[in-house]
Amino acid sequence: MGKKKDGLIEILAQYFWNYKSYEIEGVMKSYGISPDETLDPYHSKKIYAKTGLEKLSEEKIIELSYRIVKDAESVSLNRQMETFLGDSIFEFTFVTRRKLAEYLGMCPNFEGNLTLDELLSGIWNLDEPFDDGEMFAFSRAFIWDYIMQHVIRNDDISYKDMLLNILSFKYISDNSVIKFLEKMVNPETRIGEEQEQYVKGINEIISADGFELAVSGKTSNELIYKVYRKNTVCGNMKNLVFAPLGKKPDIVIDDAIGNELKIVGDTNNCLLYNFEPNSDGLSWKTLVRWWEPRAVNKNVQQDLFTRLLNSLDSQPEKDFFIHYYKIYEERNDFPALIPQVYLHYDPHAKIWRGSGIVYTHQRMDFLMLLPNGIRIVIEIDGKQHYSEGDKSSPKLYAEMVTDTRELQLKGYEVYRFGGYEFMNITESKRMIQEFFEKLFKKYFILG
């Protein structure tokens with residue numbers, strides 16, 4: 001057997017040894033492990049467990065280790081696993097955990113409106129003994145007693161060191177990390193600007209692992225935050241096909257291996273943007289720089305704005321586009337609102353495909369590419385989305401919601417607006433501004 005497999009079997013056998021003799025057979029079978037039936041667990045639980053574990057491949061042993069780590073939520077088990085699996089047993093990496101401890105340790109008002117024991121209770125068992133590493137200590141203090149003496153009374157251990165060295169923040173379960181972060185920003189702990197700053201700082205750290213604190217509701221008119229997986233799209237951005245002027249672009253694959261696209265025929269009809277390697281989001285400033293050599297007028301921003309506006313057909317779409325750029329034009333930089341984007345593309349017309357149509361909806365009204373892989377699709381739904389003429393069409397509506405569902409499953413966030421919302425110009429301006437304020441606040445865009 002390999003060194004990794006041997007080491008993990010030793011750890012797992014010790015884990016199963018902690019069960020009572022009459023429990024171990026049932027527990028192991030629940031994990032799909034079949035120990036030697038000729039052996040008696042009452043004689044040696046560890047040998048009994050090893051006979052089942054040794055039948056498994058190294059791949060299965062690693063898979064089992066991940067599963068047991070998640071089920072057990074044991075700091076001591078996680079410490080042992082580090083030797084062979086590093087931080088791959090966690091979704092919050094060791095680097096993230098250390099950064100969180102450092103950030104929270106230097107934040108003002110760590111406990112907020114709670115006492116320190118109230119803040120930590122429910123996440124850590126403060127009545128457990130604490131081993132400070134002193135071999136000849138006559139008595140072992142409990143965790144809370146040690147915190148009380150060194151963090152509160154003597155003030156010789158920082159909050160950062162309390163988290164890392166006393167509370168083993170590096171090794172607690174992902175669930176415990178989530179509970180702790182949610183409690184740190186719970187309205188009972190802190191509200192208002194202080195809560196907002198904590199959320200922002202934490203999100204800047206945990207976003208690297210694909211998580212975010214986002215508003216889940218309110219209590220007594222104060223915001224409640226929960227940790228969610230970020231709704232992001234995997235993979236590097238390569239091409240952006242957008243803003244056609246009235247007809248479908250003529251696209252060819254210039255390099256199939258490199259996924260290089262090329263517009264042929266009327267090359268002015270549609271725009272093709274190629275992202276730099278590892279690009280993260282797309283800002284208006286970046287898009288303007290790209291447009292500069294193509295601009296006809298000296299005012300490059302205005303030239304690009306007019307070109308994009310001309311790709312829009314309906315008045316509600318134009319109103320949405322114009323209002324957005326009027327709201328943010330004074331900003332130094334802000335996310336580009338990109339119109340008429342091909343997220344899917346079939347070079348053949350629907351009439352050619354007939355019943356074998358590949359995509360019912362190829363072009364999105366608007367796309368925003370935010371940092372950290374967040375991709376926002378915005379659709380302005382006129383009656384053509386849900387009716388044929390003046391008669392409602394369940395078929396068209398079903399196609400629309402199916403497309404939305406598929407995009408969301410791929411990681412895109414989809415926001416739909418009804419054309420009716422743009423009937424009143426004053427109200428539509430207010431609605432658009434409120435929407436983007438909430439969206440940018442959610443993702444900490446524009447501060």
# chains A, B, ... in the order shown; residues from 1 in each chain; ligands from 1

$ residues_around --residues "stretch 113-122 of chain A" --least-positions-apart "4" --cutoff "10 Å" --atoms "only C-alpha atoms" --output "list in words"
Asn109, Leu126, Asp127, Trp144, Ile147, Met148, Val151, Ile152, Leu167, Ser176, Lys179, Phe180, Lys183, Met184, Pro187, Glu188, Thr189, Arg190 and Ile191 of chain A

$ closest_atom_pairs --of "stretch 179-287 of chain A" --to "stretch 325-333 of chain A" --cutoff "10 Å" --atoms "only C-alpha atoms" --output "tab-separated table"
residue	atom	partner	partner_atom	distance
A:Ser283	CA	A:Asp333	CA	6.8
A:Trp284	CA	A:Asp333	CA	6.5
A:Lys285	CA	A:Asp333	CA	5.9
A:Thr286	CA	A:Asp333	CA	8.9

$ write_last_selection --atoms "N, CA and C atoms" --output "mmCIF file, in the first residue's frame"
data_model
loop_
_atom_site.group_PDB
_atom_site.id
_atom_site.type_symbol
_atom_site.label_atom_id
_atom_site.label_comp_id
_atom_site.auth_asym_id
_atom_site.auth_seq_id
_atom_site.Cartn_x
_atom_site.Cartn_y
_atom_site.Cartn_z
ATOM 1 N N SER A 283 -15.262 46.596 -17.519
ATOM 2 C CA SER A 283 -15.696 47.936 -17.128
ATOM 3 C C SER A 283 -15.905 48.806 -18.357
ATOM 4 N N TRP A 284 -16.621 49.904 -18.171
ATOM 5 C CA TRP A 284 -16.852 50.854 -19.250
ATOM 6 C C TRP A 284 -15.523 51.469 -19.713
ATOM 7 N N LYS A 285 -14.657 51.756 -18.764
ATOM 8 C CA LYS A 285 -13.360 52.347 -19.107
ATOM 9 C C LYS A 285 -12.560 51.412 -20.020
ATOM 10 N N THR A 286 -12.572 50.118 -19.711
ATOM 11 C CA THR A 286 -11.847 49.138 -20.531
ATOM 12 C C THR A 286 -12.444 49.048 -21.925
#

$ residues_around --residues "A:Tyr225" --least-positions-apart "2" --cutoff "7 Å" --atoms "only C-alpha atoms" --output "short mmCIF file (atom, residue, chain, number, x, y, z; two decimals) with N, CA and C atoms, in the first residue's frame"
data_model
loop_
_atom_site.label_atom_id
_atom_site.label_comp_id
_atom_site.auth_asym_id
_atom_site.auth_seq_id
_atom_site.Cartn_x
_atom_site.Cartn_y
_atom_site.Cartn_z
N GLU A 182 -21.54 34.33 10.05
CA GLU A 182 -22.91 34.84 10.09
C GLU A 182 -23.23 35.48 11.43
N VAL A 185 -21.83 39.10 11.85
CA VAL A 185 -22.56 40.20 11.18
C VAL A 185 -24.06 40.13 11.45
N ASN A 186 -24.45 39.30 12.40
CA ASN A 186 -25.87 39.23 12.77
C ASN A 186 -26.30 40.55 13.40
N LEU A 213 -21.21 36.70 1.76
CA LEU A 213 -22.28 37.05 2.69
C LEU A 213 -23.26 37.91 1.91
N ALA A 214 -24.52 37.49 1.86
CA ALA A 214 -25.54 38.25 1.13
C ALA A 214 -26.78 38.36 2.00
N VAL A 215 -27.56 39.40 1.76
CA VAL A 215 -28.77 39.64 2.55
C VAL A 215 -29.78 38.51 2.32
N SER A 216 -30.27 37.94 3.41
CA SER A 216 -31.27 36.87 3.31
C SER A 216 -32.63 37.30 3.85
N LEU A 223 -30.79 44.21 8.66
CA LEU A 223 -30.42 43.21 7.66
C LEU A 223 -29.83 41.95 8.29
N VAL A 227 -24.22 33.16 4.55
CA VAL A 227 -23.15 32.80 3.62
C VAL A 227 -23.73 31.93 2.52
#

$ closest_residue --among "A:Leu369, A:Ile202, A:Ala295, A:Leu164" --to "A:Phe275" --atoms "only C-alpha atoms"
A:Leu369

$ closest_residue --among "A:Ile253, A:Ile445, A:Val241, A:Leu64" --to "A:Leu271" --atoms "only C-alpha atoms"
A:Val241

$ atom_distance --atom1 "atom CA of A:Thr219" --atom2 "atom CA of A:Asn203"
21.5 Å

$ closest_residue --among "A:Tyr48, A:Tyr273, A:Tyr171, A:Tyr412" --to "A:Met364" --atoms "only C-alpha atoms"
A:Tyr412

$ residues_around --residues "stretch 208-211 of chain A" --least-positions-apart "6" --cutoff "9 Å" --atoms "only C-alpha atoms" --output "NGL selection string"
:A and (91-93 or 96 or 227-232 or 372)

$ closest_residue --among "A:Ser88, A:Gln301, A:Asn310, A:Asn239" --to "A:Ile62" --atoms "only C-alpha atoms"
A:Ser88

$ closest_residue --among "A:Gly201, A:Pro41, A:Gly217, A:Gly265" --to "A:Glu25" --atoms "only C-alpha atoms"
A:Pro41

$ residues_around --residues "A:Lys429" --least-positions-apart "2" --cutoff "12 Å" --atoms "only C-alpha atoms" --output "list in words"
Pro316, Asp319, Phe320, Phe321, Ile322, His323, Tyr324, Tyr325, Lys326, Ile327, Glu421, Phe422, Met423, Asn424, Ile425, Thr426, Glu427, Met431, Ile432, Gln433, Glu434, Phe435 and Phe436 of chain A

$ residues_around --residues "A:Ser21" --least-positions-apart "6" --cutoff "12 Å" --atoms "only C-alpha atoms" --output "PyMOL selection string"
chain A and resi 27-28+39-46+48-49

$ select_by_dssp --residues "stretch 65-202 of chain A" --states "alpha helix (DSSP H)" --output "number ranges by chain"
A: 65-72, 75-85, 94-106, 116-120, 143-147, 159-161, 174-184, 192-202

$ residues_around --residues "A:Phe417" --least-positions-apart "2" --cutoff "8 Å" --atoms "only C-alpha atoms" --output "number ranges by chain"
A: 378-381, 415, 419, 421

$ write_last_selection --atoms "C-alpha atoms" --output "mmCIF file, in the first residue's frame"
data_model
loop_
_atom_site.group_PDB
_atom_site.id
_atom_site.type_symbol
_atom_site.label_atom_id
_atom_site.label_comp_id
_atom_site.auth_asym_id
_atom_site.auth_seq_id
_atom_site.Cartn_x
_atom_site.Cartn_y
_atom_site.Cartn_z
ATOM 1 C CA ILE A 378 -30.885 41.599 -17.969
ATOM 2 C CA GLU A 379 -33.963 41.055 -20.130
ATOM 3 C CA ILE A 380 -36.604 43.663 -21.000
ATOM 4 C CA ASP A 381 -39.715 41.626 -21.765
ATOM 5 C CA TYR A 415 -33.129 39.758 -13.992
ATOM 6 C CA GLY A 419 -42.043 46.573 -20.754
ATOM 7 C CA GLU A 421 -42.457 49.245 -16.123
#

$ atom_distance --atom1 "atom CA of A:Val95" --atom2 "atom CA of A:Glu204"
13.1 Å

$ closest_residue --among "A:Lys218, A:Arg79, A:Lys160, A:Arg67" --to "A:Lys99" --atoms "only C-alpha atoms"
A:Lys160
